[in-house]
Each structure stands twice: as structure tokens, then as C-alpha cells.
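Visitor: Got a structure for you, written out below as C-alpha cells; questions coming shortly.
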2 protein chains.
Amino acid sequence: MLKFAAMMTATAPAVDTPSETESVLLQIRRKGARATPARIRVLLLLRAAPAALTHHEIEQALGDRMLDRVTLYRVLDWLVVRGLAHRSTDAQRAFRFSAAAAGEHGAHTHFRCDDCGRVFCLDSAPPAAPSLPAGFSLSRIEFDLRGRCAECARG
Amino acid sequence: MLKFAAMMTATAPAVDTPSETESVLLQIRRKGARATPARIRVLLLLRAAPAALTHHEIEQALGDRMLDRVTLYRVLDWLVVRGLAHRSTDAQRAFRFSAAAAGEHGAHTHFRCDDCGRVFCLDSAPPAAPSLPAGFSLSRIEFDLRGRCAECARG
DNA sequence: GTGGCAGGTGCAACCATGTTGCATCTGGAG
DNA sequence: CTCCAGATGCAACATGGTTGCACCTGCCAC
Ligand SMILES: [Mn+2]
Ligand SMILES: [Mn+2]
Ligand SMILES: [Zn+2]
Ligand SMILES: [Zn+2]
């Protein structure tokens, strides 16, 4: 599977432009918490990523300036609880994290690559819910498309 | 969460009637493999289960006649590879297994309880796929409804 | 029926992913 | 500048799943 470092340098502009950093810093402060380097760097990464990332991929991407493993888990949990990131579970039973688009809420469509395991967030709105058995209550719809991503299909 | 043993005795008829056993035995032999007690018992269980089960729940349900942990993993893998069972990943990042309905193929709708983690297979057909980015190839649609099941909503 | 053996099983060790407890450190309010 | 709630790092633990290898057994040939 593609290393995230390569993915980033290949497809994305510099991650920590002053404007992006400023935006992230405010996003964090607005939640009434400290804008620590750990949170800032991780949120910048997620916002620049073209797909949802695993804990491991984030570690790789942080490179030499690596955070403690546990701190990274805690930063990610914090981002999710505060609604700044999403967490989903991939086919390899690992969590994947993506930045929540500002103001975004509700259901949300994904494509998961069975080969490399990456999750791509699609724009198209998910379909409406069918009726459920009696007594069941619905809180959220997850509409996942599975197959191979362009990268993996090409290789 | 509800113990599977209780679930079974409460809702299902005897699991190993001669006809069911015979059917399962043939299903296995037709794949050109040995009909071992491990495979037979596990497949009977999956076919009788009202929802997708975790490795752990299957262990519990086997009770005193427990298989080795690893053997159970291998039996489940074998069933999945041969198309006799489905595997999905639940919100607690554990695999869940269900018997593949005979001759069934293609997409397939689920309800996952956020409380007890069980996966219920619904009958309704999933919606059609939206268009994908260039180069992506679709192999399967996963349409999951999340919320609380009747059991958990009541309690 | 009775071997023989490919395929299946058990056991021990291992790995990956995520969590908990606790001592230490620091962002940012005052 | 000081102070401390909140953030971090480190060690230990938990859970779910995998690998390696010796031993066992369903099932086919005879
Ligand atoms: Mn998403
Ligand atoms: Mn199913
Ligand atoms: Zn891929
Ligand atoms: Zn439930």
C-alpha cells in the first residue's frame, strides 16, 4: 500500500501555510481547549489528506517530529468528540480518521478500497432509509461502496 | 449485551436436526473439502443465528464442546473464502460472521446496533450505486443502518 | 474393512491496534 | 511571571487476530 508521505508530497501543497495553521488554531480554541502543537499538526494533516487515515499512517506522516503513540490516540479521540474529525472502521478492522468539513453534519458516503484499505469520502448524498423492523431506532446511515481505488486498479 | 446462548434458546428451534445437518454436510463436501465436525457445527450455528456473530459469541455458543480458538478462526476463514459465510467489521472493530444464504450474491443491507454491536441482515434491496471518480472499480455495496435494535431500545 | 496421506486441528508464541494509570510538563489566563 | 487544569510521555495491559509446527483424521484407493 501507498505510503502516506509519498501520497502527500505527490498530491498536496504544503500543509502548514500560515492561513491553514491560523484556521486550525482558531478551530481548536473555539472548542475551549488549548491549541497544542500535537492537535495543530494532526488536524492540519487530516485537513490536507485526500482520504481517511489510520493512526499508523498519521504516525508515518509526522515523521521525525513524531508524537507519542498514546498522545496521538488521545488527540484523535479529542478531535472526534469535539466534532472536528470523523472516525470510521475499515475492512482491516482499524480506525480511520478524516477532518470534518466545517459545519458538516449527518450522513455521508464512502468508497473503501479492498486492496489498500483507504477510505475516500464521496460527495454524493446517501440514499434514504428503508423501513425497519418494529422497535428498531435509526441514528445514522452508512453507505459504503467497496472495490478498488484508481491507484490500486492501475497497479 | 445479550448472551448468544440465551438468544438461541429463546428464539431458534434445535440447530442440528438431521435435515439441517445433512444440508450443511453436503454444502461443505460440494466445495471439495472434508466435512469435519468443526465446520459442520459452526455452519449450523451461523445458519440458525438471527444476526451476524462474533468469534467470541460463536465460542460461547459452542459451550462445552468448544473448539480451539485458532481452529475456529480458520474454520470461519474457510467458510468465507468458499462463499458459505460473510464477514463484516463491526463498530467495535471486531469481525462478524453470518451464513451466506444459498445462492445469494451481490449487495445486501444491514442494521448495526450501536449498543450491543449486533448486525441484523435486512431484506430490503440496497440502493443503486452513484457514479464514482475515474479509475475506481466497484465490487460491492454496503448499506448499513446504525442505531439501536429492538432489544436494546426496550432495555 | 484397512492403510496412507493431504488436509485439518491444537498449542504456544506472536503481532497489531487500542486503552489505562500515573508522574511530569506546559499553554495561556490572570 | 506564576500557577494549575489540562496535555503529554512512558510503561503496562487488553483484545482480536495470525503464524509455525507437530500431531491427528476424514476419506479415497485398494
Ligand atoms: Mn468521511
Ligand atoms: Mn449480511
Ligand atoms: Zn486502493
Ligand atoms: Zn442491540
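Ordering of the C-alpha cells sets the chain letters (A, B, ...); residue numbers start at 1 within each chain; ligands are numbered from 1 in the order shown.
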Looking only at the backbone, which of the residues in range 8-130 of chain A does DSSP tag as strand (DSSP E), as a list in words?
Guide: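 Taking range 8-130 of chain A and keeping strand (DSSP E) gives Leu53, Thr54, Ala85, His86, Arg87, Ser88, Thr89, Phe95, Arg96, Phe97, Ser98, Ala99, His108, Thr109, His110, Phe111, Arg112, Cys113, Val119, Phe120 and Cys121 of chain A.
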Visitor: For ligand 4, return the neighbouring residues as an MDAnalysis selection string (distance at most 7 Å; only C-alpha atoms (C1' of nucleotides) and all ligand atoms).
Guide: chainID B and resid 113:118 148:152
Visitor: In Å to one decimal, how far is CA of Arg146 in chain B from CA of Gly147 in chain A?
Guide: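 CA of Gly147 in chain A sits 22.0 Å away from CA of Arg146 in chain B.
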Visitor: Might you pull out every residue within 12 Å of DA16 in chain C, with only C-alpha atoms (C1' of nucleotides) counted and same-chain residues fewer than 5 positions away left off, and present them as a PyMOL selection string?
Guide: (chain A and resi 55-56+92-94) or (chain D and resi 15-18)
Visitor: Residues at most 10 Å from ligand 1, using only C-alpha atoms (C1' of nucleotides) and all ligand atoms? Could they come as JSON, numbers by chain?
Guide: {"A": [51, 52, 85, 86, 87, 88, 96, 97, 98, 99, 100, 101, 107, 108, 109, 110, 111, 119, 120, 121, 122, 123, 142]}
Visitor: Using Å and a single decimal, report how far CA of Val75 in chain A sits from CA of Arg47 in chain A.
Guide: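 Answer for the CA of Arg47 in chain A to CA of Val75 in chain A separation: 14.5 Å.
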Visitor: Please provide the set of residues having any atom within 8 Å of range 24-28 of chain D, restricted to only C-alpha atoms (C1' of nucleotides), with same-chain residues fewer than 3 positions apart removed, written as a list in words.
Guide: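 Answer for this query is Arg34, Ala35 and Thr36 of chain B; DG8 and DT9 of chain C.
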